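Please read the structure below before turning to the comments.
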Amino acid sequence: MQNKPKIFVLQLKEVVYTAMFILLAILFILLVIWMFSSKDSQETNTTPTDSTNATDQNTNTDNIKNYTSGIYHSCITLNDTPLELEVAVDSTNIKSIHFANLSDSVSTLYPFLEECVKNLEEQICLASSLDEITYPEDQQYTSLILMEGIKGALQKAQ
């Protein structure tokens, strides 16, 4: 028995196409991993903040809270649109709550957003507390999202 060497003839075009498809497959897999890992890390970043807010509220039995005077920012997201919420406080009171750099397109897209912030601002500034805030029925979910942003900014102020 003799072993005869087998010779494969490959055209350069086939090698280039195969290499391109392998490279595209690797890039696609990396893109999918990056997309899903970034969403998981954002969810884990917000979860501890929410749990610490609940812990802080349970430990503070007094309605009077001490803040470091200044203007504090918190970022909230509505349908992949980042919005920057600005909360101004002095040592014991919440002075104002409003959006920083709210564009006309966002206010057109969400017409009740500014009204909802003004409603929350009136209640919170009057009471200087986040307890017992009432929400209009048609703005309940927007108010809850805004309250999370306000809590985040006030946590920075403490």
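Scheme for the structure tokens: letters A, B, ... for chains in order shown; per-chain residue numbers from 1; ligand numbers from 1 in order shown.
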Name the residues of chain A that come out as strand (DSSP E or B) in a backbone DSSP run; write them as a compact mmCIF listing (two decimals) with N, CA, C and O atoms, in the first residue's frame.
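Just written: out_26.txt:
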```txt
# COMPACT_ATOMS: atom_id res chain seq x y z
N GLY A 70 -27.34 73.09 47.99
CA GLY A 70 -26.82 73.05 46.63
C GLY A 70 -27.87 72.60 45.64
O GLY A 70 -29.05 72.44 45.97
N ILE A 71 -27.44 72.40 44.43
CA ILE A 71 -28.30 71.92 43.34
C ILE A 71 -27.80 70.54 42.95
O ILE A 71 -26.62 70.36 42.65
N TYR A 72 -28.70 69.57 42.96
CA TYR A 72 -28.34 68.19 42.69
C TYR A 72 -29.10 67.68 41.47
O TYR A 72 -30.26 68.03 41.27
N HIS A 73 -28.43 66.86 40.69
CA HIS A 73 -29.00 66.36 39.44
C HIS A 73 -29.23 64.86 39.53
O HIS A 73 -28.50 64.14 40.18
N SER A 74 -30.26 64.43 38.83
CA SER A 74 -30.56 63.01 38.71
C SER A 74 -31.04 62.75 37.29
O SER A 74 -31.80 63.54 36.74
N CYS A 75 -30.59 61.67 36.72
CA CYS A 75 -30.95 61.35 35.34
C CYS A 75 -32.06 60.30 35.34
O CYS A 75 -31.96 59.28 36.01
N ILE A 76 -33.13 60.57 34.61
CA ILE A 76 -34.20 59.59 34.43
C ILE A 76 -34.36 59.34 32.94
O ILE A 76 -33.93 60.14 32.12
N THR A 77 -34.97 58.22 32.59
CA THR A 77 -35.13 57.85 31.19
C THR A 77 -36.60 57.58 30.90
O THR A 77 -37.24 56.78 31.60
N LEU A 78 -37.11 58.23 29.87
CA LEU A 78 -38.46 57.97 29.37
C LEU A 78 -38.35 57.53 27.93
O LEU A 78 -37.93 58.31 27.07
N THR A 81 -35.15 58.22 26.23
CA THR A 81 -34.82 59.64 26.19
C THR A 81 -34.31 60.04 27.57
O THR A 81 -35.07 60.06 28.53
N PRO A 82 -33.01 60.35 27.69
CA PRO A 82 -32.50 60.74 29.00
C PRO A 82 -32.92 62.17 29.35
O PRO A 82 -32.84 63.07 28.52
N LEU A 83 -33.40 62.35 30.56
CA LEU A 83 -33.81 63.66 31.05
C LEU A 83 -33.08 63.93 32.36
O LEU A 83 -32.94 63.05 33.20
N GLU A 84 -32.63 65.17 32.52
CA GLU A 84 -31.89 65.53 33.72
C GLU A 84 -32.79 66.35 34.64
O GLU A 84 -33.26 67.42 34.29
N LEU A 85 -33.05 65.80 35.81
CA LEU A 85 -33.90 66.43 36.82
C LEU A 85 -33.00 67.18 37.79
O LEU A 85 -31.99 66.64 38.24
N GLU A 86 -33.35 68.42 38.10
CA GLU A 86 -32.54 69.27 38.95
C GLU A 86 -33.31 69.61 40.21
O GLU A 86 -34.44 70.11 40.13
N VAL A 87 -32.72 69.33 41.38
CA VAL A 87 -33.36 69.59 42.66
C VAL A 87 -32.47 70.54 43.46
O VAL A 87 -31.29 70.23 43.69
N ALA A 88 -33.02 71.67 43.86
CA ALA A 88 -32.27 72.65 44.66
C ALA A 88 -32.73 72.54 46.11
O ALA A 88 -33.93 72.54 46.39
N VAL A 89 -31.77 72.45 47.03
CA VAL A 89 -32.09 72.32 48.46
C VAL A 89 -31.23 73.28 49.26
O VAL A 89 -30.15 73.70 48.83
N ILE A 94 -36.47 71.71 50.67
CA ILE A 94 -36.35 71.50 49.23
C ILE A 94 -36.89 72.77 48.58
O ILE A 94 -38.05 73.13 48.77
N LYS A 95 -36.05 73.45 47.82
CA LYS A 95 -36.42 74.76 47.26
C LYS A 95 -37.13 74.66 45.92
O LYS A 95 -38.14 75.31 45.70
N SER A 96 -36.60 73.87 45.00
CA SER A 96 -37.22 73.79 43.67
C SER A 96 -36.85 72.47 43.01
O SER A 96 -35.84 71.84 43.32
N ILE A 97 -37.72 72.09 42.07
CA ILE A 97 -37.52 70.88 41.28
C ILE A 97 -37.91 71.24 39.85
O ILE A 97 -39.01 71.74 39.61
N HIS A 98 -37.01 71.00 38.93
CA HIS A 98 -37.33 71.24 37.52
C HIS A 98 -36.35 70.47 36.63
O HIS A 98 -35.37 69.91 37.11
N PHE A 99 -36.64 70.47 35.33
CA PHE A 99 -35.77 69.80 34.37
C PHE A 99 -34.70 70.77 33.91
O PHE A 99 -34.96 71.94 33.66
N ALA A 100 -33.49 70.27 33.80
CA ALA A 100 -32.40 71.05 33.23
C ALA A 100 -32.32 70.73 31.74
O ALA A 100 -32.29 69.57 31.36
```
Original post:
region 139-143 of chain A: which residues within 9 Å, counting only C-alpha atoms, same-chain residues fewer than 2 positions away excluded, as a PyMOL selection string?
Top reply: chain A and resi 78+112-113+116-117+120+134-137+145-148
Original post:
So which residues of region 11-158 of chain A fall under helix (DSSP H, G or I) by DSSP, listed as an MDAnalysis selection string?
Top reply: chainID A and resid 12:59 104:109 113:127 137:157
**OP:** Do a neighbour search on Asn93 (chain A) at 9 Å with only C-alpha atoms, toss out local chain neighbours closer than 6 positions, and write the hits as a ChimeraX atom specification.
**Re:** /A:64-67,125,127-129
Subject >> Top pick for closest residue to Leu109 (chain A), considering A:Asn79, A:Thr92, A:Thr18, A:Gln123 and counting only C-alpha atoms >> reply: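 With only C-alpha atoms as the atom set, the closest residue is A:Asn79.
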**OP:** Rounded to one decimal place, report the CA of Asp138 (chain A)-CA of Lys118 (chain A) distance in Å.
**Re:**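 Those two atoms sit 14.9 Å apart.
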**OP:** Rounded to one decimal place, report the CA of Ser91 (chain A)-CA of Ser69 (chain A) distance in Å.
**Re:** 5.3 Å
